[in-house]
Amino acid sequence: MLKRSAIILGALAAIYYGAAWYIVPGALERPNNRVIEHTGYKVSDTARELHASLTIGDLHSDTLLWSRSVLDRADRGHVDVPRLAEGNVALQVFAAVTKVPDGLNYDENTADSDQITLAAMAQAWPIATWSSLLERALYQADKLQSAARRAPDALKVIQSRADIDALLVERAAGNPIVGGLLATEGGHPLEGNVENIDVLYQAGYRMIGLHHFFDNDLGGSLHGLTGEGLNEHGRAVVKAAEERQMIIDVAHSSPNAVADVLDMATRPVVVSHTGVRGACDSVRNLSDDLMRRIASQGGLIGIGYWDGAVCDISPAGVAASIVYAVALVGDDHVALGSDYDGATQVAFDTSELVVLTEALLKAGLAKETIAKIMGGNLVQFLRANLPSGDA
């Protein structure tokens, strides 16, 4: 009798925890990654025709953080491969989020807390990820790599210029395959060891953010306490990443850290997801002067779609920030950096991206400039800065 009761209790526990693993991930994501309710956007035939002709790319999404497959169309969040294909997106940068402080505010945060530990447990990530930021980055990379192995006609992981060229050939032949490039949201997954650059590189990472919402062992964050620049370890990380032709992302770095990167960089850098201070006076955005300097060194600036970046999240509002950025730094240095699935509220998901093409046309940008911003600049940047051969 006792044995039978134990079996029944075990079965009930399995059902309970199984249901929890099924329910909890959606409950975690839905309130964080929202699309505001709206009726279908009216889009002109001119915009639809132009949009269909574009090679579109986005410098930043946090989709791999959430417990769902990128291969399946989800009823939550902003990005998955079916919706990318529907939006005619050729290239998506997938960033690995490995630590997020409580509060998550733009002004200042300490590094003493971490929401991702509980998220990893709640979403049934491997036990090794519960205590290791490096393991969290490796797990998220494996999610993308595994998806690409399961569906090679739908998703290709981009690690080299050769991969970009192969992707473009496939898309020109009529296959709406999506290329995914791995990035880190901060340098803390290195866990203080510059040699872990090689571990991330071997996992497929080709872009490395230096900071996120807190000061780390590389130096000061835009949202930390010190405002300091790069320290010795931070400089060593930049040097090691450049030696491997990994792209440096300064999206969450303090102004002093950005200036230090630019002082030592031998290659262009990106600000993967941001706004421009002159268009949206938010502490989330770097100064116009720093943006000019990034562009003057060949860099790329990805304009986001959420309120902290653009102040007005409507398609017209996002377009207004893009137009300002083009006037500030020129149309060769502006790109898309949505911050989709990054605990952001937006006015359109990636499947509706044609509405941004419409808004840019209405804002008066030339079709050639729109083609650059929507993805042409990102393709050229990656072809110029990724390793040349197969990784």
# chains A, B, ... in the order shown; residues from 1 in each chain; ligands from 1
call {"tool": "residues_around", "arguments": {"residues": "range 201-207 of chain A", "least_positions_apart": "2", "cutoff": "6 Å", "atoms": "only C-alpha atoms", "output": "PyMOL selection string"}}
result
chain A and resi 182-183+198-199+246-248
call {"tool": "closest_residue", "arguments": {"among": "A:Asp80, A:Asp332, A:Asp107, A:Glu228", "to": "Thr369 in chain A", "atoms": "only C-alpha atoms"}}
result
A:Asp332
call {"tool": "closest_residue", "arguments": {"among": "A:His78, A:Arg235, A:Lys372, A:Arg161", "to": "Thr55 in chain A", "atoms": "only C-alpha atoms"}}
result
A:Lys372
call {"tool": "residues_around", "arguments": {"residues": "range 278-293 of chain A", "least_positions_apart": "6", "cutoff": "6 Å", "atoms": "only C-alpha atoms", "output": "list in words"}}
result
Tyr106, Val310, Cys311, Ser321 and Val329 of chain A
call {"tool": "atom_distance", "arguments": {"atom1": "CA of Gly174 in chain A", "atom2": "CA of Leu144 in chain A"}}
result
22.9 Å
call {"tool": "decode", "arguments": {"residues": "range 257-268 of chain A", "atoms": "all heavy atoms", "output": "compact mmCIF listing (two decimals), in the first residue's frame"}}
result
# COMPACT_ATOMS: atom_id res chain seq x y z
N ALA A 257 33.64 54.57 -20.98
CA ALA A 257 34.06 53.29 -21.54
C ALA A 257 33.99 53.31 -23.06
O ALA A 257 34.88 52.78 -23.75
CB ALA A 257 33.19 52.16 -20.99
N VAL A 258 32.94 53.93 -23.61
CA VAL A 258 32.84 54.04 -25.07
C VAL A 258 34.03 54.81 -25.63
O VAL A 258 34.65 54.41 -26.62
CB VAL A 258 31.51 54.72 -25.48
CG1 VAL A 258 31.48 54.96 -26.99
CG2 VAL A 258 30.31 53.88 -25.05
N ALA A 259 34.37 55.93 -24.98
CA ALA A 259 35.51 56.73 -25.44
C ALA A 259 36.80 55.92 -25.36
O ALA A 259 37.65 55.99 -26.28
CB ALA A 259 35.62 58.00 -24.59
N ASP A 260 36.96 55.14 -24.31
CA ASP A 260 38.16 54.31 -24.19
C ASP A 260 38.23 53.25 -25.28
O ASP A 260 39.30 52.97 -25.84
CB ASP A 260 38.19 53.63 -22.81
CG ASP A 260 38.54 54.57 -21.69
OD1 ASP A 260 39.02 55.69 -21.98
OD2 ASP A 260 38.33 54.20 -20.52
N VAL A 261 37.07 52.65 -25.60
CA VAL A 261 37.03 51.66 -26.69
C VAL A 261 37.46 52.32 -27.99
O VAL A 261 38.28 51.79 -28.75
CB VAL A 261 35.63 51.05 -26.82
CG1 VAL A 261 35.53 50.21 -28.10
CG2 VAL A 261 35.30 50.18 -25.62
N LEU A 262 36.88 53.49 -28.27
CA LEU A 262 37.19 54.18 -29.52
C LEU A 262 38.66 54.61 -29.58
O LEU A 262 39.25 54.63 -30.67
CB LEU A 262 36.27 55.38 -29.69
CG LEU A 262 34.78 55.04 -29.88
CD1 LEU A 262 33.92 56.31 -29.87
CD2 LEU A 262 34.55 54.26 -31.18
N ASP A 263 39.23 54.93 -28.46
CA ASP A 263 40.65 55.31 -28.43
C ASP A 263 41.55 54.15 -28.83
O ASP A 263 42.60 54.36 -29.45
CB ASP A 263 41.05 55.79 -27.03
CG ASP A 263 40.56 57.21 -26.73
OD1 ASP A 263 40.20 57.93 -27.68
OD2 ASP A 263 40.54 57.57 -25.53
N MET A 264 41.18 52.92 -28.47
CA MET A 264 42.06 51.79 -28.71
C MET A 264 41.63 50.90 -29.88
O MET A 264 42.40 50.09 -30.35
CB MET A 264 42.17 50.92 -27.45
CG MET A 264 40.90 50.18 -27.09
SD MET A 264 41.13 49.03 -25.66
CE MET A 264 42.25 47.82 -26.36
N ALA A 265 40.39 51.07 -30.34
CA ALA A 265 39.85 50.16 -31.35
C ALA A 265 40.60 50.28 -32.68
O ALA A 265 40.93 51.39 -33.12
CB ALA A 265 38.37 50.42 -31.58
N THR A 266 40.86 49.15 -33.30
CA THR A 266 41.45 49.12 -34.64
C THR A 266 40.40 48.75 -35.69
O THR A 266 40.71 48.71 -36.88
CB THR A 266 42.59 48.10 -34.70
OG1 THR A 266 42.09 46.79 -34.42
CG2 THR A 266 43.68 48.45 -33.69
N ARG A 267 39.19 48.46 -35.21
CA ARG A 267 38.08 48.08 -36.09
C ARG A 267 36.83 48.87 -35.68
O ARG A 267 36.72 49.33 -34.55
CB ARG A 267 37.80 46.58 -35.94
CG ARG A 267 38.87 45.67 -36.52
CD ARG A 267 38.87 44.27 -35.90
NE ARG A 267 37.55 43.68 -35.74
CZ ARG A 267 36.89 43.02 -36.70
NH1 ARG A 267 37.44 42.89 -37.89
NH2 ARG A 267 35.70 42.50 -36.46
N PRO A 268 35.87 49.02 -36.59
CA PRO A 268 34.65 49.73 -36.24
C PRO A 268 33.86 48.98 -35.16
O PRO A 268 33.96 47.75 -35.04
CB PRO A 268 33.86 49.77 -37.56
CG PRO A 268 34.86 49.50 -38.62
CD PRO A 268 35.90 48.61 -38.02
